[in-house]
>>> print(open('model28.cif').read())   # mmCIF, C-alpha atoms
data_run
#
loop_
_atom_site.group_PDB
_atom_site.id
_atom_site.type_symbol
_atom_site.label_atom_id
_atom_site.label_comp_id
_atom_site.auth_asym_id
_atom_site.auth_seq_id
_atom_site.Cartn_x
_atom_site.Cartn_y
_atom_site.Cartn_z
ATOM 1 C CA MET K 1 137.023 128.549 94.485
ATOM 2 C CA GLN K 2 135.912 126.017 91.904
ATOM 3 C CA PHE K 3 137.806 125.353 88.715
ATOM 4 C CA ARG K 4 135.576 122.714 87.130
ATOM 5 C CA LEU K 5 132.120 122.852 85.593
ATOM 6 C CA ARG K 6 129.941 119.970 84.428
ATOM 7 C CA THR K 7 127.296 120.380 81.766
ATOM 8 C CA SER K 8 123.997 118.566 81.788
ATOM 9 C CA GLY K 9 123.691 115.297 79.927
ATOM 10 C CA GLU K 10 121.514 117.001 77.317
ATOM 11 C CA ALA K 11 124.107 119.742 76.800
ATOM 12 C CA GLN K 12 126.817 117.108 76.360
ATOM 13 C CA GLU K 13 124.733 115.375 73.717
ATOM 14 C CA ILE K 14 124.179 118.633 71.830
ATOM 15 C CA LEU K 15 127.843 119.660 72.033
ATOM 16 C CA LEU K 16 129.004 116.302 70.741
ATOM 17 C CA GLU K 17 126.483 116.399 67.884
ATOM 18 C CA LEU K 18 127.654 119.893 66.942
ATOM 19 C CA LYS K 19 131.306 118.852 67.252
ATOM 20 C CA ASN K 20 130.724 115.952 64.874
ATOM 21 C CA ALA K 21 128.894 118.179 62.410
ATOM 22 C CA THR K 22 131.180 121.216 62.537
ATOM 23 C CA LYS K 23 134.536 119.814 63.708
ATOM 24 C CA ILE K 24 134.631 122.624 66.310
ATOM 25 C CA THR K 25 135.693 121.504 69.785
ATOM 26 C CA PRO K 26 133.152 121.634 72.639
ATOM 27 C CA ASN K 27 135.056 124.341 74.522
ATOM 28 C CA ILE K 28 134.945 126.690 71.505
ATOM 29 C CA LEU K 29 131.276 125.858 70.871
ATOM 30 C CA SER K 30 130.658 126.627 74.538
ATOM 31 C CA ARG K 31 132.167 130.089 74.180
ATOM 32 C CA TYR K 32 129.819 130.772 71.280
ATOM 33 C CA ALA K 33 126.968 129.416 73.387
ATOM 34 C CA VAL K 34 127.668 131.785 76.277
ATOM 35 C CA ALA K 35 127.895 134.715 73.849
ATOM 36 C CA LEU K 36 124.525 133.801 72.323
ATOM 37 C CA SER K 37 122.949 133.546 75.752
ATOM 38 C CA LEU K 38 124.283 136.954 76.765
ATOM 39 C CA LYS K 39 122.598 138.524 73.714
ATOM 40 C CA GLN K 40 119.167 137.369 74.937
ATOM 41 C CA GLU K 41 116.984 139.994 76.572
ATOM 42 C CA GLU K 42 114.972 137.487 78.578
ATOM 43 C CA PRO K 43 116.324 136.893 82.080
ATOM 44 C CA LEU K 44 117.951 133.585 82.826
ATOM 45 C CA ASN K 45 115.746 130.922 84.336
ATOM 46 C CA VAL K 46 117.418 129.539 87.405
ATOM 47 C CA ILE K 47 117.179 125.847 86.624
ATOM 48 C CA GLU K 48 118.909 123.006 88.383
ATOM 49 C CA TYR K 49 120.586 121.165 85.525
ATOM 50 C CA ASP K 50 122.005 117.706 86.066
ATOM 51 C CA VAL K 51 125.761 117.253 86.079
ATOM 52 C CA ALA K 52 125.888 114.125 83.932
ATOM 53 C CA GLY K 53 127.649 115.777 80.995
ATOM 54 C CA LEU K 54 131.049 117.038 79.957
ATOM 55 C CA GLU K 55 133.458 118.350 82.552
ATOM 56 C CA PHE K 56 135.343 121.510 81.694
ATOM 57 C CA ASN K 57 138.321 122.974 83.450
ATOM 58 C CA ARG K 58 137.739 126.696 83.907
ATOM 59 C CA HIS K 59 140.782 127.690 81.873
ATOM 60 C CA VAL K 60 139.860 125.351 79.014
ATOM 61 C CA LEU K 61 136.333 126.732 78.923
ATOM 62 C CA THR K 62 137.070 130.454 79.116
ATOM 63 C CA GLY K 63 140.728 130.536 78.093
ATOM 64 C CA ASN K 64 142.512 133.866 78.397
ATOM 65 C CA TYR K 65 139.105 135.576 78.426
ATOM 66 C CA ASP K 66 137.928 134.476 81.881
ATOM 67 C CA SER K 67 137.858 138.029 83.245
ATOM 68 C CA THR K 68 136.029 139.175 80.097
ATOM 69 C CA PHE K 69 133.381 136.483 80.513
ATOM 70 C CA LYS K 70 133.000 137.430 84.177
ATOM 71 C CA ALA K 71 132.622 141.120 83.280
ATOM 72 C CA LEU K 72 130.050 140.374 80.564
ATOM 73 C CA ILE K 73 127.994 138.148 82.847
ATOM 74 C CA SER K 74 128.217 140.759 85.637
ATOM 75 C CA GLN K 75 127.006 143.382 83.179
ATOM 76 C CA TYR K 76 124.139 141.094 82.138
ATOM 77 C CA GLU K 77 123.201 140.680 85.807
ATOM 78 C CA ASN K 78 123.605 144.434 86.310
ATOM 79 C CA ARG K 79 125.762 143.866 89.388
ATOM 80 C CA GLU K 80 129.232 142.791 90.422
ATOM 81 C CA LEU K 81 129.393 139.016 90.793
ATOM 82 C CA THR K 82 131.585 137.232 93.269
ATOM 83 C CA ASP K 83 133.859 134.616 91.815
ATOM 84 C CA GLU K 84 131.662 131.911 93.356
ATOM 85 C CA GLU K 85 128.526 133.369 91.730
ATOM 86 C CA TYR K 86 130.236 133.662 88.371
ATOM 87 C CA PHE K 87 131.885 130.243 88.187
ATOM 88 C CA PRO K 88 130.322 127.810 87.913
ATOM 89 C CA THR K 89 126.795 129.050 88.745
ATOM 90 C CA ASN K 90 126.054 131.903 86.310
ATOM 91 C CA LEU K 91 128.411 130.689 83.627
ATOM 92 C CA LYS K 92 126.693 127.293 83.640
ATOM 93 C CA LEU K 93 123.233 128.874 83.315
ATOM 94 C CA HIS K 94 124.379 130.876 80.282
ATOM 95 C CA LEU K 95 126.181 127.870 78.878
ATOM 96 C CA GLU K 96 123.133 125.618 79.159
ATOM 97 C CA ARG K 97 120.808 128.169 77.565
ATOM 98 C CA GLY K 98 123.343 129.052 74.887
ATOM 99 C CA ILE K 99 123.993 125.445 73.906
ATOM 100 C CA ARG K 100 120.309 125.025 73.145
ATOM 101 C CA LEU K 101 120.377 128.265 71.140
ATOM 102 C CA LEU K 102 123.387 126.981 69.185
ATOM 103 C CA LYS K 103 121.525 123.782 68.370
ATOM 104 C CA SER K 104 118.524 125.773 67.147
ATOM 105 C CA GLU K 105 120.784 127.935 65.004
ATOM 106 C CA TYR K 106 122.496 124.907 63.508
ATOM 107 C CA ASN K 107 119.133 123.295 62.756
ATOM 108 C CA TYR K 108 117.902 126.543 61.182
ATOM 109 C CA ALA K 109 121.042 126.919 59.055
ATOM 110 C CA GLY K 110 120.793 123.344 57.847
ATOM 111 C CA ASN K 111 124.504 122.814 57.331
ATOM 112 C CA THR K 112 127.868 123.693 58.793
ATOM 113 C CA GLU K 113 128.795 126.327 56.218
ATOM 114 C CA LYS K 114 125.632 128.386 56.736
ATOM 115 C CA PHE K 115 125.911 127.892 60.499
ATOM 116 C CA LEU K 116 129.435 129.305 60.561
ATOM 117 C CA ILE K 117 128.508 132.182 58.251
ATOM 118 C CA ASN K 118 125.596 133.052 60.544
ATOM 119 C CA LEU K 119 127.857 132.966 63.608
ATOM 120 C CA MET K 120 130.434 135.198 61.889
ATOM 121 C CA ASN K 121 127.743 137.669 60.855
ATOM 122 C CA TYR K 122 126.341 137.599 64.359
ATOM 123 C CA ALA K 123 129.787 138.325 65.782
ATOM 124 C CA LYS K 124 129.960 141.399 63.521
ATOM 125 C CA GLY K 125 126.752 142.777 65.012
ATOM 126 C CA GLY K 126 124.171 141.044 62.864
ATOM 127 C CA THR K 127 121.249 139.041 64.115
ATOM 128 C CA LEU K 128 120.586 135.348 64.012
#
>>> encode(input="model28.cif", output="structure tokens")
Amino acid sequence: MQFRLRTSGEAQEILLELKNATKITPNILSRYAVALSLKQEEPLNVIEYDVAGLEFNRHVLTGNYDSTFKALISQYENRELTDEEYFPTNLKLHLERGIRLLKSEYNYAGNTEKFLINLMNYAKGGTL
């Protein structure tokens, strides 16, 4: 069982840019990223991302919600995932896609305040 996940170099760059702009830590941004990815109807592209980015400990990344993340990703896949399929494989795919979605949302919002308002509205069932 693995307990560490490494992002791609590009994902690290995006997370650090967003951290500097928003003052939100990369692990919290990553949780938003996974949530955004799970809202997408398009299936995940199975891409081999590099591992030159940030390293996350599983507990730091998912916190007390690890079983919730696993259940949501299993639901997205429409099947029960083994622990090995869930972490790091599927979680990383959602994380990588979601980080790019977060960057797009930040760029669209134009500033941190609008970005955070959009994320809060999205969390309440709105759309981005």
>>> resolve_selection(input="model28.cif", expression="the PyMOL selection byres ((chain K and resi 43) around 12)", output="PyMOL selection string")
chain K and resi 37-42+44-47+73+76-78+90+93-94+97
>>> atom_distance(input="model28.cif", atom1="atom CA of K:Asp66", atom2="atom CA of K:Glu17")
25.6 Å
>>> closest_residue(input="model28.cif", among="K:Tyr65, K:Tyr49, K:Phe87, K:Phe56", to="K:Gln2", atoms="all atoms listed in the file")
K:Phe87
>>> residues_around(input="model28.cif", residues="K:Thr68", least_positions_apart="5", cutoff="12 Å", atoms="all atoms listed in the file", output="ChimeraX atom specification")
/K:31,34-35,62-63,73-75,86,91
>>> write_last_selection(input="model28.cif", atoms="C-alpha atoms", output="PDB file, in the frame of the given file")
ATOM      1  CA  ARG K  31     132.167 130.089  74.180  1.00  0.00           C
ATOM      2  CA  VAL K  34     127.668 131.785  76.277  1.00  0.00           C
ATOM      3  CA  ALA K  35     127.895 134.715  73.849  1.00  0.00           C
ATOM      4  CA  THR K  62     137.070 130.454  79.116  1.00  0.00           C
ATOM      5  CA  GLY K  63     140.728 130.536  78.093  1.00  0.00           C
ATOM      6  CA  ILE K  73     127.994 138.148  82.847  1.00  0.00           C
ATOM      7  CA  SER K  74     128.217 140.759  85.637  1.00  0.00           C
ATOM      8  CA  GLN K  75     127.006 143.382  83.179  1.00  0.00           C
ATOM      9  CA  TYR K  86     130.236 133.662  88.371  1.00  0.00           C
ATOM     10  CA  LEU K  91     128.411 130.689  83.627  1.00  0.00           C
TER      11      LEU K  91
END
>>> closest_residue(input="model28.cif", among="K:Gly98, K:Thr89, K:Ala21, K:Glu55", to="K:Leu116", atoms="all atoms listed in the file")
K:Ala21
>>> resolve_selection(input="model28.cif", expression="the PyMOL selection byres ((chain K and resi 9) around 8)", output="PDB file with C-alpha atoms, in the coordinates of the input")
ATOM      1  CA  THR K   7     127.296 120.380  81.766  1.00  0.00           C
ATOM      2  CA  SER K   8     123.997 118.566  81.788  1.00  0.00           C
ATOM      3  CA  GLU K  10     121.514 117.001  77.317  1.00  0.00           C
ATOM      4  CA  ALA K  11     124.107 119.742  76.800  1.00  0.00           C
ATOM      5  CA  GLN K  12     126.817 117.108  76.360  1.00  0.00           C
ATOM      6  CA  GLU K  13     124.733 115.375  73.717  1.00  0.00           C
ATOM      7  CA  ASP K  50     122.005 117.706  86.066  1.00  0.00           C
ATOM      8  CA  VAL K  51     125.761 117.253  86.079  1.00  0.00           C
ATOM      9  CA  ALA K  52     125.888 114.125  83.932  1.00  0.00           C
ATOM     10  CA  GLY K  53     127.649 115.777  80.995  1.00  0.00           C
ATOM     11  CA  LEU K  54     131.049 117.038  79.957  1.00  0.00           C
TER      12      LEU K  54
END
